[in-house]
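**Q** File name model37.txt; file contents compact mmCIF, C-alpha atoms; full text below.
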# COMPACT_ATOMS: atom_id res chain seq x y z
CA MET A 17 42.07 86.51 27.70
CA VAL A 18 45.38 85.96 29.44
CA GLY A 19 46.64 82.83 31.23
CA ARG A 20 49.29 82.94 33.92
CA TYR A 21 50.68 80.89 36.78
CA LEU A 22 51.18 81.82 40.37
CA HIS A 23 52.70 80.03 43.33
CA LEU A 24 50.64 79.38 46.44
CA ASP A 25 51.44 77.66 49.71
CA LEU A 26 48.48 75.41 50.45
CA GLY A 27 48.44 73.08 53.42
CA GLY A 28 52.08 74.02 53.96
CA ARG A 29 53.09 72.78 50.51
CA PRO A 30 54.07 74.75 47.43
CA HIS A 31 51.60 74.68 44.53
CA ARG A 32 51.77 76.13 41.04
CA VAL A 33 48.30 77.26 40.09
CA TYR A 34 47.14 78.23 36.61
CA PHE A 35 44.52 80.90 36.07
CA GLU A 36 43.01 82.88 33.23
CA GLU A 37 41.48 86.31 33.26
CA ALA A 38 39.76 88.76 30.97
CA GLY A 39 38.07 92.12 31.31
CA GLU A 40 38.36 95.14 33.53
CA GLY A 41 36.43 96.20 36.57
CA TRP A 42 35.37 94.61 39.81
CA PRO A 43 36.86 91.11 40.18
CA LEU A 44 34.58 88.14 39.47
CA VAL A 45 36.27 84.93 40.58
CA CYS A 46 34.85 81.77 38.98
CA LEU A 47 35.05 78.30 40.53
CA HIS A 48 34.76 75.29 38.22
CA THR A 49 32.89 72.05 38.90
CA ALA A 50 34.39 68.87 40.36
CA GLY A 51 36.68 67.02 37.99
CA ALA A 52 36.80 69.85 35.44
CA ASP A 53 38.77 73.10 35.06
CA GLY A 54 38.55 76.81 34.45
CA ARG A 55 37.92 76.44 30.73
CA GLN A 56 34.26 76.07 31.69
CA PHE A 57 34.21 79.87 31.95
CA ARG A 58 35.82 80.66 28.60
CA HIS A 59 32.55 81.93 27.15
CA LEU A 60 32.00 84.23 30.09
CA MET A 61 35.49 85.62 29.49
CA THR A 62 34.74 86.47 25.88
CA ASP A 63 31.35 88.07 26.56
CA ARG A 64 31.80 91.81 26.13
CA ASP A 65 28.71 92.53 28.20
CA VAL A 66 30.51 90.85 31.08
CA THR A 67 34.13 91.86 30.55
CA ARG A 68 33.47 95.56 30.10
CA HIS A 69 32.33 95.73 33.71
CA TRP A 70 34.10 92.79 35.33
CA ARG A 71 37.59 91.38 35.67
CA VAL A 72 36.70 87.71 35.23
CA VAL A 73 39.24 85.38 36.84
CA ALA A 74 39.14 81.56 36.84
CA PHE A 75 41.79 79.27 38.27
CA ASP A 76 42.31 75.56 37.78
CA MET A 77 42.27 73.85 41.15
CA PRO A 78 45.46 71.86 41.89
CA ARG A 79 45.34 68.55 39.91
CA HIS A 80 42.89 70.10 37.45
CA GLY A 81 43.48 71.59 34.02
CA LYS A 82 46.96 73.10 33.83
CA SER A 83 47.54 73.17 37.60
CA LEU A 84 49.82 70.27 38.41
CA PRO A 85 49.40 68.28 41.60
CA PRO A 86 51.81 69.10 44.45
CA ALA A 87 54.99 67.06 44.73
CA GLY A 88 54.30 63.68 46.29
CA TRP A 89 50.87 63.27 44.72
CA GLN A 90 51.77 59.84 43.37
CA ASP A 91 51.43 58.18 46.77
CA GLU A 92 48.37 60.07 47.94
CA ASP A 93 44.69 59.20 47.95
CA TYR A 94 43.39 62.64 47.01
CA ARG A 95 40.43 63.92 49.04
CA LEU A 96 39.24 67.50 48.76
CA THR A 97 38.19 68.91 52.12
CA THR A 98 36.14 71.99 52.96
CA ASP A 99 39.07 73.57 54.78
CA ALA A 100 41.48 72.98 51.91
CA TYR A 101 39.02 74.38 49.38
CA VAL A 102 38.38 77.53 51.43
CA GLU A 103 42.12 77.95 51.96
CA LEU A 104 42.70 77.71 48.21
CA ILE A 105 40.10 80.36 47.36
CA LEU A 106 41.28 82.80 50.03
CA ALA A 107 44.95 82.26 49.16
CA PHE A 108 44.28 82.79 45.48
CA CYS A 109 42.32 86.00 46.05
CA GLY A 110 45.03 87.18 48.45
CA ALA A 111 47.85 86.46 46.00
CA LEU A 112 46.12 88.57 43.33
CA ALA A 113 45.20 91.23 45.91
CA LEU A 114 41.55 91.00 44.90
CA GLU A 115 39.54 93.32 47.13
CA ARG A 116 36.11 91.96 48.01
CA PRO A 117 35.63 90.05 44.78
CA VAL A 118 32.35 88.56 43.69
CA VAL A 119 32.74 84.78 43.70
CA LEU A 120 30.68 82.65 41.33
CA GLY A 121 30.99 78.89 41.75
CA CYS A 122 29.27 75.93 40.14
CA SER A 123 28.45 72.56 41.75
CA ILE A 124 31.24 72.01 44.29
CA GLY A 125 32.08 75.64 43.56
CA GLY A 126 28.47 76.49 44.35
CA LYS A 127 28.54 74.59 47.59
CA ILE A 128 31.77 76.21 48.74
CA VAL A 129 30.16 79.57 48.05
CA LEU A 130 27.72 78.75 50.86
CA GLU A 131 30.67 77.98 53.09
CA LEU A 132 32.29 81.31 52.17
CA ALA A 133 29.04 83.06 53.03
CA LEU A 134 29.19 81.43 56.47
CA ARG A 135 32.88 81.86 57.20
CA ALA A 136 33.92 85.12 55.61
CA PRO A 137 31.03 87.20 54.22
CA GLU A 138 32.93 90.44 54.79
CA ARG A 139 35.57 89.38 52.27
CA PHE A 140 33.17 89.25 49.32
CA ARG A 141 31.04 91.80 47.51
CA ALA A 142 28.50 89.14 46.59
CA LEU A 143 28.36 85.38 46.15
CA ILE A 144 26.74 83.44 43.31
CA GLY A 145 26.09 79.71 43.63
CA LEU A 146 25.26 77.81 40.45
CA GLU A 147 23.78 74.34 40.93
CA ALA A 148 24.26 74.82 44.66
CA ALA A 149 22.39 73.46 47.64
CA ALA A 150 23.01 72.86 51.31
CA TYR A 151 22.29 69.19 50.67
CA GLN A 152 21.46 66.97 47.72
CA THR A 153 20.13 63.44 47.80
CA PRO A 154 22.97 61.40 46.26
CA TRP A 155 22.40 59.59 42.98
CA TYR A 156 25.45 57.36 43.45
CA ASP A 157 26.87 55.64 46.50
CA ASP A 158 30.05 54.04 45.19
CA THR A 159 32.48 56.58 43.80
CA SER A 160 35.15 53.89 43.38
CA TRP A 161 33.72 53.36 39.88
CA LEU A 162 35.40 56.63 39.00
CA HIS A 163 38.89 55.38 39.77
CA ARG A 164 39.74 51.78 39.08
CA PRO A 165 42.01 50.18 36.52
CA ASP A 166 39.33 48.21 34.68
CA VAL A 167 37.12 51.22 33.88
CA HIS A 168 38.47 54.20 31.95
CA GLY A 169 37.94 57.06 34.39
CA GLY A 170 37.73 59.78 31.78
CA GLU A 171 35.24 57.90 29.63
CA LEU A 172 33.09 57.10 32.65
CA CYS A 173 33.17 60.60 34.17
CA SER A 174 32.22 62.01 30.80
CA ALA A 175 29.40 59.51 30.24
CA LEU A 176 28.01 60.04 33.74
CA MET A 177 28.07 63.82 33.42
CA SER A 178 26.38 63.71 30.01
CA GLY A 179 23.09 63.09 31.77
CA LEU A 180 23.38 66.30 33.78
CA ILE A 181 23.37 68.42 30.62
CA ALA A 182 20.04 69.69 29.35
CA PRO A 183 18.88 68.24 26.02
CA GLN A 184 18.63 71.77 24.62
CA ALA A 185 22.41 72.30 24.92
CA PRO A 186 24.09 72.92 21.55
CA ALA A 187 26.09 69.86 20.49
CA GLU A 188 29.42 71.67 20.32
CA ALA A 189 29.07 73.09 23.84
CA ARG A 190 27.80 69.78 25.22
CA TRP A 191 30.73 67.82 23.89
CA GLU A 192 33.26 70.44 24.88
CA THR A 193 31.92 70.23 28.44
CA LEU A 194 32.26 66.45 28.36
CA TRP A 195 35.75 66.60 26.88
CA MET A 196 36.94 68.38 30.03
CA TYR A 197 35.59 65.50 32.09
CA ALA A 198 37.27 62.97 29.81
CA GLN A 199 40.56 64.80 30.43
CA GLY A 200 40.49 64.62 34.21
CA GLY A 201 43.43 63.05 36.04
CA PRO A 202 43.05 59.65 37.71
CA GLY A 203 40.95 59.81 40.85
CA VAL A 204 40.60 63.60 40.76
CA PHE A 205 36.85 63.74 40.20
CA ARG A 206 36.37 61.10 42.86
CA GLY A 207 38.58 63.05 45.27
CA ASP A 208 36.62 66.25 44.63
CA LEU A 209 33.36 64.45 45.34
CA HIS A 210 34.60 63.63 48.83
CA PHE A 211 33.99 67.29 49.69
CA TYR A 212 30.59 67.14 48.02
CA ARG A 213 29.39 63.95 49.65
CA ALA A 214 31.20 63.47 52.96
CA GLU A 215 31.40 67.12 54.02
CA GLY A 216 28.63 68.59 51.95
CA ASN A 217 25.68 68.66 54.31
CA LEU A 218 25.23 72.29 55.35
CA ARG A 219 21.51 72.12 56.13
CA ASP A 220 21.92 72.86 59.80
CA ARG A 221 24.20 75.84 59.18
CA VAL A 222 23.00 77.77 56.12
CA GLY A 223 20.28 79.46 58.14
CA ARG A 224 23.05 81.49 59.75
CA ILE A 225 24.06 83.10 56.45
CA GLU A 226 23.50 86.85 56.60
CA THR A 227 22.74 88.15 53.13
CA ALA A 228 22.70 91.69 54.49
CA ARG A 229 26.46 91.34 54.93
CA CYS A 230 26.99 89.68 51.56
CA PRO A 231 24.25 89.18 48.94
CA LEU A 232 23.74 85.58 47.86
CA TYR A 233 22.32 84.47 44.52
CA LEU A 234 21.41 80.84 43.78
CA LEU A 235 20.76 79.74 40.19
CA THR A 236 19.97 76.14 39.27
CA GLY A 237 19.13 74.52 35.93
CA GLU A 238 15.86 72.65 35.57
CA TYR A 239 17.57 69.57 34.08
CA ASP A 240 20.09 69.19 36.91
CA PHE A 241 19.20 65.98 38.73
CA SER A 242 22.35 66.08 40.87
CA CYS A 243 21.48 69.40 42.47
CA THR A 244 17.81 69.64 41.65
CA PRO A 245 15.73 72.82 41.56
CA ASP A 246 13.97 71.51 44.67
CA ASP A 247 17.32 71.08 46.45
CA THR A 248 18.17 74.70 45.75
CA ARG A 249 14.65 75.88 46.62
CA GLU A 250 14.93 74.20 50.00
CA THR A 251 18.30 75.87 50.60
CA ALA A 252 17.03 79.28 49.54
CA ALA A 253 14.09 78.89 51.89
CA ARG A 254 16.51 78.48 54.80
CA ILE A 255 18.46 81.67 54.02
CA ARG A 256 16.73 84.98 54.57
CA GLY A 257 17.34 87.25 51.60
CA ALA A 258 18.80 84.61 49.28
CA ARG A 259 17.84 85.26 45.66
CA LEU A 260 16.69 82.15 43.79
CA THR A 261 16.48 81.56 40.04
CA ILE A 262 15.51 78.29 38.34
CA MET A 263 16.96 78.31 34.84
CA LYS A 264 15.04 76.82 31.94
CA GLU A 265 16.72 74.59 29.36
CA LEU A 266 19.88 74.31 31.45
CA GLY A 267 21.50 71.55 33.44
CA HIS A 268 24.45 71.20 35.81
CA PHE A 269 27.01 73.13 33.70
CA PRO A 270 25.15 76.27 32.61
CA MET A 271 28.20 78.38 31.74
CA SER A 272 29.73 75.77 29.45
CA GLU A 273 26.83 73.61 28.21
CA HIS A 274 24.76 76.51 26.87
CA PRO A 275 26.54 79.87 27.27
CA GLN A 276 23.93 81.85 25.31
CA ARG A 277 21.07 80.66 27.48
CA PHE A 278 23.07 81.08 30.70
CA ARG A 279 23.98 84.73 30.05
CA GLU A 280 20.28 85.58 29.95
CA TYR A 281 20.13 84.58 33.59
CA LEU A 282 23.54 85.77 34.74
CA LEU A 283 23.66 89.25 33.22
CA PRO A 284 20.71 90.58 35.28
CA VAL A 285 22.35 89.21 38.44
CA LEU A 286 25.63 90.92 37.61
CA GLU A 287 23.77 94.14 36.82
CA GLU A 288 21.97 93.99 40.13
CA ILE A 289 25.25 93.52 41.98
CA ARG A 290 26.81 96.42 40.09
CA GLY A 291 23.82 98.61 40.84
CA ALA A 292 23.96 97.81 44.51
CA ARG A 293 27.63 98.64 44.50
CA SER A 294 27.18 102.09 43.07
CA ALA A 295 24.08 102.84 45.14
CA MET B 5 2.38 55.64 24.41
CA ARG B 6 0.59 52.30 24.44
CA THR B 7 2.60 49.38 25.76
CA PRO B 8 2.81 47.50 22.44
CA ASP B 9 4.48 50.56 20.95
CA ALA B 10 7.25 50.37 23.53
CA HIS B 11 7.69 46.68 22.75
CA ALA B 12 7.89 47.45 19.05
CA ILE B 13 10.50 50.10 19.70
CA VAL B 14 12.68 47.71 21.71
CA ALA B 15 12.40 45.17 18.90
CA ARG B 16 13.74 47.77 16.50
CA LEU B 17 16.87 48.48 18.55
CA PRO B 18 19.15 46.18 16.46
CA GLU B 19 18.17 47.96 13.27
CA LEU B 20 18.76 51.40 14.83
CA VAL B 21 22.05 50.54 16.54
CA ASN B 22 23.62 48.46 13.79
CA ALA B 23 23.01 51.21 11.23
CA ASP B 24 25.00 53.66 13.37
CA GLY B 25 28.64 53.05 12.50
CA ALA B 26 30.04 55.35 15.19
CA LEU B 27 27.93 53.68 17.87
CA VAL B 28 28.95 50.16 16.79
CA ARG B 29 32.60 51.22 16.76
CA ARG B 30 32.27 52.67 20.27
CA GLY B 31 30.94 49.35 21.53
CA ALA B 32 33.46 47.21 19.69
CA ARG B 33 34.94 45.90 22.95
CA LEU B 34 31.61 44.93 24.45
CA THR B 35 30.06 41.49 24.16
CA THR B 36 27.34 40.80 26.70
CA SER B 37 23.66 40.08 27.13
CA PHE B 38 21.72 42.62 29.13
CA LEU B 39 18.14 42.85 30.13
CA LEU B 40 15.78 45.70 29.33
CA ALA B 41 12.40 45.54 31.05
CA VAL B 42 9.27 47.40 29.97
CA ASP B 43 6.85 47.03 32.87
CA ASP B 44 6.99 43.29 33.58
CA VAL B 45 8.00 42.29 30.07
CA GLU B 46 11.69 41.46 29.81
CA PHE B 47 13.83 41.70 26.71
CA LEU B 48 17.22 40.01 26.52
CA ILE B 49 19.51 42.08 24.34
CA HIS B 50 22.54 40.31 22.94
CA VAL B 51 25.49 42.58 22.16
CA VAL B 52 28.34 41.13 20.11
CA ALA B 53 31.29 43.46 19.56
CA GLY B 54 29.07 46.53 19.59
CA ARG B 55 26.40 45.16 17.27
CA LEU B 56 23.02 44.12 18.61
CA HIS B 57 22.94 40.49 17.53
CA ALA B 58 19.38 39.78 18.70
CA VAL B 59 16.57 40.94 20.97
CA GLU B 60 14.59 38.16 22.64
CA GLN B 61 11.27 38.97 24.25
CA GLY B 62 10.45 37.08 27.47
CA PRO B 63 9.23 35.31 29.41
CA LEU B 64 12.82 34.39 30.18
CA LEU B 65 13.02 31.29 32.36
CA LEU B 66 16.59 30.11 32.85
CA ARG B 67 18.61 32.83 31.20
CA SER B 68 21.66 34.77 32.31
CA TRP B 69 22.30 38.44 31.83
CA SER B 70 24.96 40.85 33.05
CA PHE B 71 22.99 43.96 34.00
CA ALA B 72 19.37 44.98 33.80
CA VAL B 73 17.60 48.28 33.29
CA ARG B 74 13.93 48.37 34.20
CA ALA B 75 11.27 51.03 33.79
CA THR B 76 7.60 51.28 32.99
CA ALA B 77 6.33 51.63 29.43
CA GLU B 78 5.24 55.15 30.29
CA SER B 79 8.70 56.07 31.55
CA TRP B 80 10.43 54.67 28.48
CA ALA B 81 7.99 56.58 26.31
CA ARG B 82 8.91 59.79 28.11
CA PHE B 83 12.61 58.90 27.89
CA TRP B 84 12.35 58.44 24.12
CA GLN B 85 10.64 61.79 23.48
CA PRO B 86 12.75 63.97 21.16
CA LEU B 87 12.82 66.62 23.91
CA PRO B 88 12.40 64.72 27.17
CA ALA B 89 11.19 66.50 30.29
CA PRO B 90 13.56 67.01 33.25
CA GLY B 91 14.04 63.69 35.01
CA TYR B 92 13.32 61.65 31.91
CA HIS B 93 16.31 62.81 29.88
CA ASP B 94 18.86 60.32 31.23
CA LEU B 95 18.96 56.79 32.62
CA PHE B 96 20.40 57.92 35.96
CA ALA B 97 17.98 60.83 36.11
CA MET B 98 15.13 58.32 35.84
CA LYS B 99 16.84 56.17 38.45
CA LYS B 100 17.06 59.10 40.86
CA LEU B 101 13.45 59.99 40.11
CA GLY B 102 12.56 56.45 41.15
CA VAL B 103 11.06 55.40 37.82
CA ALA B 104 13.96 53.21 36.63
CA ARG B 105 16.07 50.53 38.24
CA VAL B 106 19.56 49.32 37.38
CA GLU B 107 20.56 45.89 38.64
CA GLY B 108 23.08 43.09 38.31
CA ASP B 109 26.74 43.21 37.37
CA LEU B 110 27.34 46.89 36.73
CA TRP B 111 30.84 46.52 35.33
CA PRO B 112 29.86 46.16 31.66
CA LEU B 113 27.47 49.08 32.07
CA MET B 114 29.99 51.38 33.72
CA ALA B 115 32.91 50.40 31.48
CA HIS B 116 30.78 51.05 28.38
CA LEU B 117 28.43 53.65 29.78
CA ARG B 118 28.36 56.02 26.82
CA TYR B 119 27.70 53.12 24.47
CA VAL B 120 24.87 51.68 26.58
CA LYS B 121 23.30 55.11 27.10
CA ASP B 122 23.43 55.72 23.37
CA VAL B 123 21.87 52.31 22.65
CA LEU B 124 19.02 53.03 25.04
CA ALA B 125 18.51 56.49 23.55
CA ALA B 126 18.66 55.33 19.92
CA PRO B 127 14.86 55.52 19.54
CA ARG B 128 15.00 59.13 20.73
CA ARG B 129 17.53 60.04 18.08
CA ALA B 130 15.41 58.22 15.47
CA ARG B 131 12.35 60.11 16.73
CA LEU B 132 10.34 56.90 16.97
CA ALA B 133 8.31 58.17 19.91
CA GLY B 134 7.94 61.82 18.94
Please rewrite the model in this file as structure tokens.
**A**
Amino acid sequence: MVGRYLHLDLGGRPHRVYFEEAGEGWPLVCLHTAGADGRQFRHLMTDRDVTRHWRVVAFDMPRHGKSLPPAGWQDEDYRLTTDAYVELILAFCGALALERPVVLGCSIGGKIVLELALRAPERFRALIGLEAAAYQTPWYDDTSWLHRPDVHGGELCSALMSGLIAPQAPAEARWETLWMYAQGGPGVFRGDLHFYRAEGNLRDRVGRIETARCPLYLLTGEYDFSCTPDDTRETAARIRGARLTIMKELGHFPMSEHPQRFREYLLPVLEEIRGARSA
Amino acid sequence: MRTPDAHAIVARLPELVNADGALVRRGARLTTSFLLAVDDVEFLIHVVAGRLHAVEQGPLLLRSWSFAVRATAESWARFWQPLPAPGYHDLFAMKKLGVARVEGDLWPLMAHLRYVKDVLAAPRRARLAG
């Protein structure tokens, strides 16, 4: 596994973006959840059954992990938008000259995958949405709890997210997942959720996704109460050809909370995509 | 689970929490009284610097509390299972499912969320309902 930085112009401003990659083959770009970073995919990057066929690439979004915020961040009220997120993904893939990568995203990464399927299906070999839905009923209505001086944001984000992890998750993986949330910068998780909540209703549009142009796989954990199996079922029902999997003993962070269980579900999907490619 | 069992489990919370050094340490900055309701029966839980000082069973007539968590005896019983079913594995999962309510001044809850969640789940870890 190798980590590097690259420079991207995003929204007309220079950004220094960190990414890691491992493996050889067709590119598989991984998008982390809100308020976390690319380390969520570290197990995928050390899985020989994945890396012998795939070049797995995961970047830290600006303000996340090792990607610093752009200059001037200190006076900004960060809000992730759909347009900015799409721009980031396309700019990153362009900078690495990734030809029709497969994109796998979780949570906000899963939702943006739906947007990619709508906006630019020809640019991707296949799209995989984990814990993704066109719409989820919110389980919170006041995200200001996540960013205020009298509540420790990291402790709260971590404690809130703990409930989205399945009880079967191994303790080490569970707490590693939560550590990433505890490490988030001030207001970053809240800013990411703006995209999820304020711009995240795609119900009227997902029916236009054409899976014949770009296959779409949706996988959701049975213990995820943020994006529930029913949320994903409803989305899959709106998209002709979408492939749906409900994953047992998994929650909202399948790749990091229980990597061994998750690979049982992901490997067949990756094999199917590879088979379709060579067919 | 029969209702009296849920009441007995709530009454045992001080014993379970106070024996857990890491949990008490995590709550060291919290002193409050919160309300835990099992069906219509209310329990006032007094937290003093992370230790559960006392649990008072209602009826509570002229008492103050900071926040309240309410669910049915059946829901708490499911919540306390060693391997809870989806929806019953977390306080906010139960809230979204519509089987639990959270009320009052949420600041002590949110500022000490991991501690409070761990207090509520102490019977699960002790396998009292398994």
**Q** Go through chain A residue by residue and, counting only C-alpha atoms, keep those with an atom at most 8 Å from chain B; for each kept residue give the shortest atom pair and its distance in Å to one decimal, ordered by chain and increasing number, as CSV.
**A**
residue,atom,partner,partner_atom,distance
A:Trp155,CA,B:Lys100,CA,5.8
A:Trp161,CA,B:Met114,CA,7.5
A:Asp166,CA,B:Ala115,CA,7.5
A:Val167,CA,B:Ala115,CA,4.9
A:His168,CA,B:Ala115,CA,6.8
A:Glu171,CA,B:Arg118,CA,7.7
A:Leu172,CA,B:Leu117,CA,6.5
A:Ala175,CA,B:Arg118,CA,5.0
A:Leu176,CA,B:Leu117,CA,7.5
A:Gly179,CA,B:Asp94,CA,5.1
A:Leu180,CA,B:Asp94,CA,7.9
A:Ala182,CA,B:His93,CA,7.8
A:Pro183,CA,B:Leu87,CA,6.6
A:Gln184,CA,B:Leu87,CA,7.8
A:Glu238,CA,B:Pro90,CA,6.5
A:Tyr239,CA,B:Pro90,CA,4.8
A:Asp240,CA,B:Pro90,CA,7.8
A:Phe241,CA,B:Ala97,CA,5.9
**Q** Using all atoms listed in the file, find the one residue out of B:Ala26, B:Ala12, B:Val21, B:Ala126 that sits nearest to Val52 (chain B).
**A** B:Val21
**Q** Gly201 (chain A): which residues within 9 Å, counting all atoms listed in the file, same-chain residues fewer than 3 positions away excluded, as a ChimeraX atom specification?
**A** /A:51,79-81,169-170,198,204-205
**Q** I'd like the neighbourhood of Asn217 (chain A) as an NGL selection string, where a residue qualifies if any of its atoms comes within 12 Å (using all atoms listed in the file), though same-chain residues fewer than 2 positions away should be ignored.
**A** :A and (98 or 124 or 127-128 or 130-131 or 148-154 or 210-215 or 219-222 or 247 or 251)
**Q** Determine, counting all atoms listed in the file, which protein, DNA and RNA residues have an atom within 10 Å of an atom of Leu120 (chain A); residues of the same chain fewer than 3 positions away are not included. Present the result as a list in words.
**A**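 These residues fall inside the cut-off: Leu44, Val45, Cys46, Leu47, His48, Val72, Ala74, Pro117, Gly125, Gly126, Ile128, Val129, Ala142, Leu143, Ile144, Gly145, Leu146, Leu232, Tyr233 and Leu234 of chain A.
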**Q** Measuring atom to atom with all atoms listed in the file, identify which of B:Ser70, B:Leu56, B:Glu46, B:Thr76 is nearest to Asp24 (chain B).
**A**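 The answer is B:Leu56, which sits nearest to Asp24 (chain B).
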**Q** Determine the nearest neighbour of Arg55 (chain A) from the options A:Met271, A:Asp93, A:Gly207, A:Glu138, counting all atoms listed in the file.
**A** A:Met271
**Q** Nearest residue to His69 (chain A) out of A:Leu235, A:Ala38, A:Ala253, A:Leu114, using only C-alpha atoms?
**A** A:Ala38
**Q** So that I can check the surroundings of Ala228 (chain A), please list as a list of chain:residue names every protein, DNA and RNA residue that reaches within 10 Å of it, counting only C-alpha atoms and ignoring chain neighbours fewer than 3 positions away.
**A**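 Returned residues: A:Pro137, A:Ile225, A:Pro231, A:Leu232, A:Arg256, A:Gly257, A:Ala258.
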**Q** Neighbours of Ala77 (chain B) within 12 Å (all atoms listed in the file; same-chain residues fewer than 4 positions away dropped), as a PyMOL selection string?
**A** chain B and resi 5-14+40-46+81-84+103-104+133
**Q** Kindly compute an axis-aligned box around the listed atoms of region 9-18 of chain B, allowing 5 Å on each side, and express its centre and edge lengths in Å to one decimal as JSON.
**A**
{"center_x": 11.8, "center_y": 47.9, "center_z": 20.0, "size_x": 24.7, "size_y": 15.4, "size_z": 17.1}
**Q** Using CA of Val33 (chain A) and CA of Thr159 (chain A) as the two end points, give the distance in Å to one decimal.
**A**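 Between CA of Val33 (chain A) and CA of Thr159 (chain A) the gap is 26.3 Å.
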**Q** Name the closest residue to Ser272 (chain A) among the candidates A:Gly110, A:Pro186, A:Gly203, A:Pro245; distances are taken between atoms, counting all atoms listed in the file.
**A**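 Of the candidates, the smallest distance to Ser272 (chain A) is held by A:Pro186.
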**Q** Around the point (23.2, 43.7, 36.1) (coordinates from the file), which residues reach within 7 Å if we count all atoms listed in the file? Answer as a PyMOL selection string.
**A** chain B and resi 69-72+106-110
**Q** Give the answer as one residue: which of A:Phe269, A:Tyr197, A:Tyr34, A:Trp191 has the shortest atom-to-atom distance to Phe75 (chain A), using only C-alpha atoms?
**A** A:Tyr34
